[in-house]
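Note: the block below is upload_8.cif and it holds mmCIF, C-alpha atoms.
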```cif
data_final
loop_
_atom_site.label_atom_id
_atom_site.label_comp_id
_atom_site.auth_asym_id
_atom_site.auth_seq_id
_atom_site.Cartn_x
_atom_site.Cartn_y
_atom_site.Cartn_z
CA SER A 129 155.65 94.81 -58.45
CA GLN A 130 155.46 92.31 -55.62
CA GLU A 131 157.74 92.32 -52.59
CA LEU A 132 158.32 88.59 -53.06
CA GLU A 133 158.99 87.07 -56.45
CA GLN A 134 158.98 83.31 -56.97
CA SER A 135 160.45 81.48 -59.91
CA PRO A 136 159.58 79.55 -61.85
CA GLN A 137 155.81 80.01 -61.84
CA SER A 138 155.37 76.38 -62.78
CA LEU A 139 157.62 73.38 -63.12
CA ILE A 140 157.16 69.93 -64.61
CA VAL A 141 159.78 67.31 -63.78
CA GLN A 142 160.20 63.59 -64.25
CA GLU A 143 160.03 61.49 -61.12
CA GLY A 144 163.48 61.05 -59.63
CA LYS A 145 164.83 64.37 -60.90
CA ASN A 146 166.11 67.17 -58.68
CA LEU A 147 164.61 70.65 -58.81
CA THR A 148 165.02 74.12 -57.32
CA ILE A 149 162.50 76.86 -56.62
CA ASN A 150 163.62 80.40 -55.87
CA CYS A 151 162.14 83.18 -53.79
CA THR A 152 163.57 86.71 -54.06
CA SER A 153 162.70 89.61 -51.83
CA SER A 154 162.93 93.28 -52.72
CA LYS A 155 164.12 94.06 -49.18
CA THR A 156 165.82 92.39 -46.23
CA LEU A 157 163.89 89.61 -44.59
CA TYR A 158 163.54 89.00 -40.88
CA GLY A 159 162.24 85.51 -41.55
CA LEU A 160 161.46 83.37 -44.56
CA TYR A 161 158.86 80.59 -44.52
CA TRP A 162 158.22 77.82 -47.01
CA TYR A 163 154.79 76.26 -47.37
CA LYS A 164 153.26 73.61 -49.59
CA GLN A 165 149.65 73.73 -50.77
CA LYS A 166 147.60 71.05 -52.46
CA TYR A 167 145.14 72.59 -54.92
CA GLY A 168 142.17 74.14 -53.14
CA GLU A 169 143.43 73.24 -49.68
CA GLY A 170 145.25 74.91 -46.85
CA LEU A 171 148.97 75.54 -46.57
CA ILE A 172 151.27 73.07 -44.87
CA PHE A 173 154.26 74.61 -43.08
CA LEU A 174 157.56 73.15 -44.27
CA MET A 175 160.31 75.20 -42.63
CA MET A 176 161.42 78.60 -41.44
CA LEU A 177 164.74 80.34 -42.01
CA GLN A 178 165.89 83.37 -40.05
CA LYS A 179 169.63 83.65 -40.13
CA GLY A 180 171.68 84.63 -43.16
CA GLY A 181 173.35 81.53 -44.59
CA GLU A 182 170.98 79.21 -42.74
CA GLU A 183 170.08 75.89 -44.31
CA LYS A 184 167.42 73.43 -43.18
CA SER A 185 166.35 70.04 -44.42
CA HIS A 186 163.23 67.95 -44.03
CA GLU A 187 163.30 64.55 -45.68
CA LYS A 188 164.28 65.29 -49.30
CA ILE A 189 163.56 69.00 -49.16
CA THR A 190 166.32 71.52 -48.37
CA ALA A 191 165.91 75.26 -48.05
CA LYS A 192 168.58 77.94 -47.81
CA LEU A 193 168.57 81.64 -46.99
CA ASP A 194 171.36 83.66 -48.53
CA GLU A 195 173.77 85.74 -46.48
CA LYS A 196 172.06 89.02 -47.36
CA LYS A 197 168.69 87.57 -46.35
CA GLN A 198 167.00 88.58 -49.56
CA GLN A 199 166.80 85.29 -51.40
CA SER A 200 165.88 81.74 -50.56
CA SER A 201 165.95 78.54 -52.56
CA LEU A 202 164.04 75.32 -52.02
CA HIS A 203 165.65 72.20 -53.41
CA ILE A 204 163.97 68.82 -53.79
CA THR A 205 166.15 65.78 -54.34
CA ALA A 206 164.88 62.74 -56.24
CA SER A 207 161.36 64.13 -56.68
CA GLN A 208 158.32 61.91 -56.17
CA PRO A 209 154.67 62.33 -57.16
CA SER A 210 153.93 63.14 -53.51
CA HIS A 211 156.00 66.32 -53.88
CA ALA A 212 153.52 67.72 -56.39
CA GLY A 213 151.65 70.84 -55.32
CA ILE A 214 152.10 74.58 -55.00
CA TYR A 215 155.10 75.84 -53.07
CA LEU A 216 154.80 79.28 -51.51
CA CYS A 217 157.35 81.39 -49.73
CA GLY A 218 156.27 83.80 -47.04
CA ALA A 219 158.26 86.72 -45.68
CA ASP A 220 158.41 88.41 -42.33
CA TYR A 221 159.46 92.03 -42.76
CA ASN A 222 159.22 92.80 -39.07
CA ASN A 223 155.85 94.46 -39.40
CA ASN A 224 153.77 91.76 -37.78
CA ASP A 225 152.28 90.20 -40.87
CA MET A 226 153.40 87.79 -43.55
CA ARG A 227 153.67 88.54 -47.26
CA PHE A 228 153.46 85.64 -49.70
CA GLY A 229 154.85 85.00 -53.12
CA ALA A 230 152.54 83.97 -55.94
CA GLY A 231 153.64 80.34 -55.67
CA THR A 232 155.32 77.73 -57.86
CA ARG A 233 153.17 74.91 -59.20
CA LEU A 234 155.13 71.66 -59.27
CA THR A 235 154.06 68.65 -61.32
CA VAL A 236 156.00 65.38 -61.00
CA LYS A 237 155.47 62.93 -63.82
CA PRO A 238 155.68 59.24 -62.87
CA GLU B 93 145.85 67.76 -39.69
CA THR B 94 147.32 71.15 -38.86
CA GLY B 95 145.32 71.80 -35.70
CA VAL B 96 143.22 74.46 -37.43
CA THR B 97 139.73 73.59 -38.62
CA GLN B 98 137.38 75.57 -40.84
CA THR B 99 133.70 75.22 -41.59
CA PRO B 100 132.04 75.02 -43.97
CA ARG B 101 134.48 73.69 -46.54
CA HIS B 102 132.31 74.88 -49.42
CA LEU B 103 129.74 77.67 -49.53
CA VAL B 104 127.57 79.01 -52.31
CA MET B 105 125.67 82.17 -51.55
CA GLY B 106 123.68 84.80 -53.35
CA MET B 107 124.62 88.46 -53.23
CA THR B 108 121.84 89.25 -50.77
CA ASN B 109 122.59 86.44 -48.34
CA LYS B 110 124.28 86.64 -44.96
CA LYS B 111 126.58 83.83 -43.95
CA SER B 112 129.48 83.22 -41.59
CA LEU B 113 132.74 81.31 -41.87
CA LYS B 114 134.11 79.66 -38.76
CA CYS B 115 137.66 78.84 -37.75
CA GLU B 116 138.90 77.03 -34.67
CA GLN B 117 142.48 76.40 -33.61
CA HIS B 118 143.56 73.69 -31.16
CA LEU B 119 147.19 74.79 -30.87
CA GLY B 120 147.04 77.23 -27.96
CA HIS B 121 148.13 80.10 -30.19
CA ASN B 122 147.48 83.75 -29.36
CA ALA B 123 147.01 85.15 -32.87
CA MET B 124 144.61 84.31 -35.69
CA TYR B 125 144.37 85.48 -39.29
CA TRP B 126 142.01 85.57 -42.26
CA TYR B 127 143.45 85.35 -45.77
CA LYS B 128 141.83 85.49 -49.19
CA GLN B 129 143.24 83.43 -52.04
CA SER B 130 141.95 84.23 -55.51
CA ALA B 131 142.94 82.51 -58.73
CA LYS B 132 146.38 83.57 -59.97
CA LYS B 133 146.88 86.10 -57.16
CA PRO B 134 149.10 85.87 -54.08
CA LEU B 135 147.56 85.23 -50.72
CA GLU B 136 146.04 88.45 -49.37
CA LEU B 137 146.03 89.10 -45.65
CA MET B 138 142.61 90.40 -44.57
CA PHE B 139 142.54 90.56 -40.79
CA VAL B 140 144.84 89.84 -37.85
CA TYR B 141 143.73 89.25 -34.29
CA SER B 142 146.29 89.15 -31.53
CA LEU B 143 145.12 88.30 -28.02
CA GLU B 144 141.57 88.68 -29.31
CA GLU B 145 142.11 92.27 -30.42
CA ARG B 146 142.09 93.22 -34.07
CA VAL B 147 145.52 94.57 -34.88
CA GLU B 148 145.29 94.82 -38.64
CA ASN B 149 142.63 95.40 -41.23
CA ASN B 150 144.07 95.59 -44.72
CA SER B 151 141.54 97.86 -46.35
CA VAL B 152 138.98 95.11 -46.53
CA PRO B 153 135.46 96.14 -47.61
CA SER B 154 132.93 96.43 -44.82
CA ARG B 155 130.88 93.59 -46.28
CA PHE B 156 133.46 91.37 -44.54
CA SER B 157 133.18 91.56 -40.75
CA PRO B 158 135.50 89.54 -38.50
CA GLU B 159 134.81 88.44 -34.97
CA CYS B 160 137.15 86.84 -32.44
CA PRO B 161 135.23 85.88 -29.29
CA ASN B 162 138.23 84.09 -27.74
CA SER B 163 141.74 83.03 -28.66
CA SER B 164 140.58 79.74 -30.17
CA HIS B 165 137.76 80.92 -32.41
CA LEU B 166 137.56 83.28 -35.34
CA PHE B 167 134.58 84.13 -37.52
CA LEU B 168 134.18 85.97 -40.79
CA HIS B 169 130.68 87.35 -41.26
CA LEU B 170 129.67 87.92 -44.86
CA HIS B 171 126.86 90.07 -46.23
CA THR B 172 125.93 91.53 -49.61
CA LEU B 173 128.97 90.04 -51.27
CA GLN B 174 129.95 90.51 -54.91
CA PRO B 175 130.84 87.80 -57.44
CA GLU B 176 134.48 88.97 -57.33
CA ASP B 177 134.55 87.92 -53.67
CA SER B 178 134.46 84.29 -54.79
CA ALA B 179 137.72 82.78 -53.55
CA LEU B 180 139.30 80.38 -51.09
CA TYR B 181 139.23 81.88 -47.60
CA LEU B 182 141.96 80.60 -45.33
CA CYS B 183 142.28 80.91 -41.59
CA ALA B 184 145.62 80.64 -39.82
CA SER B 185 146.99 80.85 -36.30
CA SER B 186 150.39 81.48 -34.79
CA GLN B 187 152.12 82.27 -31.54
CA ARG B 188 153.24 85.88 -31.25
CA HIS B 189 156.09 86.61 -28.91
CA GLY B 190 157.00 89.76 -27.03
CA GLY B 191 157.29 92.79 -29.27
CA GLY B 192 154.76 91.28 -31.66
CA ARG B 193 157.31 89.14 -33.54
CA MET B 194 155.53 86.36 -35.26
CA ARG B 195 156.31 82.70 -35.68
CA GLU B 196 155.21 80.34 -38.39
CA GLN B 197 151.51 80.23 -39.13
CA TYR B 198 149.40 77.10 -39.30
CA PHE B 199 146.58 77.10 -41.79
CA GLY B 200 143.16 75.53 -41.93
CA PRO B 201 141.91 73.71 -45.06
CA GLY B 202 139.98 76.76 -46.26
CA THR B 203 136.42 77.55 -47.27
CA ARG B 204 135.73 77.65 -51.00
CA LEU B 205 133.23 80.50 -51.41
CA THR B 206 131.21 81.05 -54.55
CA VAL B 207 129.04 84.16 -54.82
CA THR B 208 126.30 83.94 -57.42
#
```
Could you render the structure from this file as structure tokens?
Amino acid sequence: SQELEQSPQSLIVQEGKNLTINCTSSKTLYGLYWYKQKYGEGLIFLMMLQKGGEEKSHEKITAKLDEKKQQSSLHITASQPSHAGIYLCGADYNNNDMRFGAGTRLTVKP
Amino acid sequence: ETGVTQTPRHLVMGMTNKKSLKCEQHLGHNAMYWYKQSAKKPLELMFVYSLEERVENNSVPSRFSPECPNSSHLFLHLHTLQPEDSALYLCASSQRHGGGRMREQYFGPGTRLTVT
């Protein structure tokens, strides 16, 4: 099994709807990173969370790291077609490299 | 624009060919990475260079050979590849602080490699 599990694997929402993507780690995180990827392209860094209970926002995207630092959620408010893509979480386990989840493919229907 | 560029963007090569992928970062970072992204699999870390020294090699076959001539450039030399090596190869860079703790990584657009 993977160290990082993302759910759901894919998500289709109507434009304007809210949505949440989850990332669960099998062990304590030192840092949690959220990225967005357009198909076949590189990853775009969204935000980083390090402290338990931390919450960050960027435009209509909010990410939280739970107190135990083993789970993070990414919430998009009033989704738009521009939010479509693959969202990946990456984990820092204090061993100098990043592990990634398998990603969540988001489709936003106009 | 993330500040990390990769060339070529697409590459088709035969199993007997030799080719190289190039990555350049314009962010002043001190660490660079190669990742492989295959269909329906998580990103796989291949190599890590920190201050131009290779610090990690995740059991990558020897047909992949990295080179980091300076902190801004990273190459991946390819030879006698197999069809299962077809994938998107991503380069990234980051700033590592004292004790090796990493910060967020910035990715290039990737090279789509097809091995025939």
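If you measure from each of A:Asp194, A:Asp220, A:Glu187, A:Glu169 to chain B using all atoms listed in the file, the closest one turns out to be A:Glu169.
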Residue contacts of stretch 149-159 of chain A (10 Å, only C-alpha atoms) excluding same-chain residues fewer than 2 positions away, as a ChimeraX atom specification: /A:129-139,147,161-162,176-180,191-193,196-204,215-223,226,228-234 /B:193-196
Within 9 Å of B:Arg101, counting all atoms listed in the file, which residues show up once you throw out same-chain ones fewer than 3 positions away? Write them as a PyMOL selection string, please. chain B and resi 98+201-205
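Going from atom CA of B:Asn109 to atom CA of B:Pro175 covers 12.4 Å.
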Can you give me, as a ChimeraX atom specification, the residues this file yields under the PyMOL selection byres ((chain B and resi 120) around 10)? /B:95,117-119,121-123,163-164,185-187
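Note that atom CA of B:Tyr125 and atom CA of B:Tyr141 are 6.3 Å apart.
Selection result for the displayed file, with the PyMOL selection byres ((chain B) within 8 of (chain A)) as criterion, is B:Thr94, B:Lys132, B:Lys133, B:Pro134, B:Leu135, B:Glu136, B:Leu137, B:Leu180, B:Leu182, B:Gly192, B:Arg193, B:Met194, B:Glu196, B:Gln197, B:Tyr198, B:Phe199, B:Gly200, B:Pro201, B:Gly202, B:Arg204.
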Could you jot down the atom CA of B:Arg146 to atom CA of B:Gln174 separation for me, Å, one decimal place? 24.3 Å
